[in-house]
Every structure is written in structure tokens, then in C-alpha cells.
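Only one structure is covered here, and it is reproduced in the block below.
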Amino acid sequence: MHSDPIHALKELKGRVHALRDKLTRAEAVREQLQEDLARKESEVKTLSLQQDTLQKVLELYRILMDKMVLDQVRVIESVVTEGLQTIFWDQDLSFKAELGVKYNKVSVDFYLCQGDPDKGGFKGDPLSSFGGGATSFISVVLRVLTLIRLKRHKILLLDETIGAGSDEYIEPIGNFLKKLSESTDLPILMVTHKPEYTEHSSAAYQGESKVVGGTRSFTSRKLRQT
């Protein structure tokens, strides 16, 4: 009889010790989880700050890119318009760009204008709205600007590129190309059947192709050099 309470007490003590051990382990697990939670919360806070910073950097980058695009577009507008007004002095031509946003990117549409479109003037596609002379000239200037922008301006070859220009515009075209070459340090080699252009070149050669005995040969002679 006396052994039963003692045995029961020992069992109770064993259970109490086991519960205490479980409680100790649970508290250790809880502390570890709390530490893990605090660390994760700190990581989340850090990542949130980084995300906010990256978002602001992205917005700033987009603004800078848009400004770079806008600056480049304005340069193109200015150079092409200057050339158009210098060469086609009697047509009141200008080169305009309209900027928009497509697919979250800046888009640019170019137009060739005659007069002021807001005051009854004309605005159209530069490749089809006017004669070939204006289109060819715009193509030349855009190629020059592209070569300079890409830093690949070794030489520009124009093989009858502006042959569509009327003879009355030969002098202003020649003067503008010479000025463009000198200001951009870009040599321009023009192949043309219009000898009047040679008056605006630093060097000119005349080529002649012959067929003798079934064999074609090509010869050239210097016309002038400054």
C-alpha cells in the first residue's frame, strides 16, 4: 500500500520532467523561429527598400533615355531642316518628328512638311510625299548622322544617290555636302554623271570603261584637286 503512492509520485515527477523537457525544447524552437522571423522580416524590409530604389532608378533611366532620344531627334530635325531649306530654297520644306509611346517605349515618326501644317501647310511621309530629290537628300543626311552616331564614319559612298535632284539644285546640294563633310570630318565619295558637282569637290576624277577584244577595262584621270 505504501509503495503505490510513491510509485505514483515518481511517475508524476517523470511526467513533469518530460513536460519540462518538452517545454524547454518548445521554447528553444520558438526562440529559433522568432529569430528566423526577425531575420526574414529584416530581409523583406531590405528587399523592399532595394525594390523601391531600383524602381526609382528605372524611372530615372527612362527619363534619361527619353531625353537622349529627344535630344537626338531634335538634332536630326535641325540638321535635315537646315539642309532642306538651304538646298530647296524655294519650297519652304522642313523635317519634323513626333514622339509617342508604343509598347512602353518611345516611338518616333518623321514627317516632311511644306509650310506650316497648323496653318494650312502640308505634312506627309518623307519617302513618298515629295519628289525624289528631297527624299534622296534626307536619306543622305540620315546616313551621315547614323554613321557618326555609331562611330563608323570611315567614308560615305554616294553612287548616283541624289541623281533625282533637279539641275537647278546642284550648286546648293554641292555646297551643303561639302560643308557637311568638313563639319563632320566624313569623306564623301560621290559617283555622278553630272560634272557640275566637281566644282564643289576637293578632288575629281573621270572614269571611262572600254571593251577591247572582249575584255573590259576601266581607266580614270584626274580632273581637279584642291
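Chain identifiers are assigned as A, B, and so on, following the order in which chains appear in the C-alpha cells; residues are numbered from 1 within each chain, and ligands are numbered from 1 in order of appearance.
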Exercise: His193 of chain A partners within 12 Å, only C-alpha atoms, chain neighbours under 5 positions left out, as a ChimeraX atom specification: /A:158-164,167,170,198,205-208
Residues of segment 36-171 of chain A in alpha helix (DSSP H), written as a PyMOL selection string: chain A and resi 36-87+132-149+170-171
Residues of segment 173-212 of chain A within 10 Å of segment 74-91 of chain A: nearest atom pair and distance (Å, one decimal) for each, counting only C-alpha atoms, sorted by chain and number, as CSV?
residue,atom,partner,partner_atom,distance
A:Ile173,CA,A:Ile87,CA,5.6
A:Gly174,CA,A:Ile87,CA,9.0
A:Asn175,CA,A:Ile87,CA,8.7
A:Phe176,CA,A:Gly83,CA,6.8
A:Leu177,CA,A:Gly83,CA,9.1
A:Leu180,CA,A:Gly83,CA,9.3
Take the residues that were just selected and, keeping C-alpha atoms, output them as a CSV table (one decimal), in the first residue's frame.
chain,number,residue,atom,x,y,z
A,173,ILE,CA,23.5,70.4,-102.9
A,174,GLY,CA,27.2,70.5,-103.7
A,175,ASN,CA,27.8,73.3,-101.2
A,176,PHE,CA,25.9,71.6,-98.5
A,177,LEU,CA,27.6,68.2,-99.0
A,180,LEU,CA,28.6,68.6,-94.2
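Across the structure, atom CA of Lys102 of chain A and atom CA of Leu70 of chain A are spaced 15.2 Å apart.
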Residue list (strand (DSSP E), DSSP) for segment 21-209 of chain A, as a VMD selection string: chain A and resid 93 to 102 105 to 114 122 to 124 156 to 159 188 to 191 203 to 209
Selection from above, C-alpha atoms, as a short mmCIF file (atom, residue, chain, number, x, y, z; two decimals), in the first residue's frame, can you write it?
data_model
loop_
_atom_site.label_atom_id
_atom_site.label_comp_id
_atom_site.auth_asym_id
_atom_site.auth_seq_id
_atom_site.Cartn_x
_atom_site.Cartn_y
_atom_site.Cartn_z
CA LEU A 93 10.45 72.45 -96.56
CA SER A 94 11.15 71.28 -93.03
CA PHE A 95 11.74 67.97 -91.29
CA LYS A 96 9.61 67.26 -88.22
CA ALA A 97 9.39 64.48 -85.67
CA GLU A 98 6.50 63.42 -83.48
CA LEU A 99 7.30 61.43 -80.35
CA GLY A 100 4.91 58.98 -78.75
CA VAL A 101 4.87 55.84 -76.64
CA LYS A 102 4.30 52.37 -78.06
CA LYS A 105 8.90 52.57 -75.41
CA VAL A 106 9.46 55.93 -77.04
CA SER A 107 8.46 55.89 -80.70
CA VAL A 108 9.39 58.49 -83.31
CA ASP A 109 7.57 59.28 -86.55
CA PHE A 110 9.24 61.60 -89.06
CA TYR A 111 7.41 63.88 -91.46
CA LEU A 112 8.36 66.15 -94.31
CA CYS A 113 6.47 69.41 -94.15
CA GLN A 114 5.88 72.18 -96.62
CA PHE A 122 1.28 70.06 -95.89
CA LYS A 123 2.69 67.23 -93.77
CA GLY A 124 3.43 63.83 -95.26
CA LEU A 156 30.30 57.74 -97.27
CA LEU A 157 29.78 56.46 -100.82
CA LEU A 158 27.04 58.13 -102.87
CA ASP A 159 26.52 56.26 -106.14
CA ILE A 188 32.19 61.72 -99.17
CA LEU A 189 32.86 59.88 -102.42
CA MET A 190 30.22 60.74 -105.00
CA VAL A 191 29.71 58.86 -108.25
CA ALA A 203 39.22 66.20 -105.91
CA ALA A 204 37.50 64.94 -109.05
CA TYR A 205 38.20 62.04 -111.40
CA GLN A 206 36.63 60.97 -114.66
CA GLY A 207 36.22 57.26 -115.22
CA GLU A 208 35.89 55.50 -118.55
CA SER A 209 35.01 51.91 -119.26
#
Spatial neighbours of Thr184 of chain A, max dist 12 Å, only C-alpha atoms, sep filter under 5 positions, as a list in words: Val79, Val141, Val144, Leu145, Thr146, Leu147, Ile148, Arg149, Lys151, His153, Lys154, Ile155, Leu156, Phe176, Leu177, Lys178 and Lys179 of chain A
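Taking atom CA of Lys194 of chain A as the reference point, atom CA of Glu171 of chain A is found at 11.3 Å.
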Pairwise distance for atom CA of Gln225 of chain A and atom CA of Glu199 of chain A, rounded to one decimal in Å: 9.9 Å
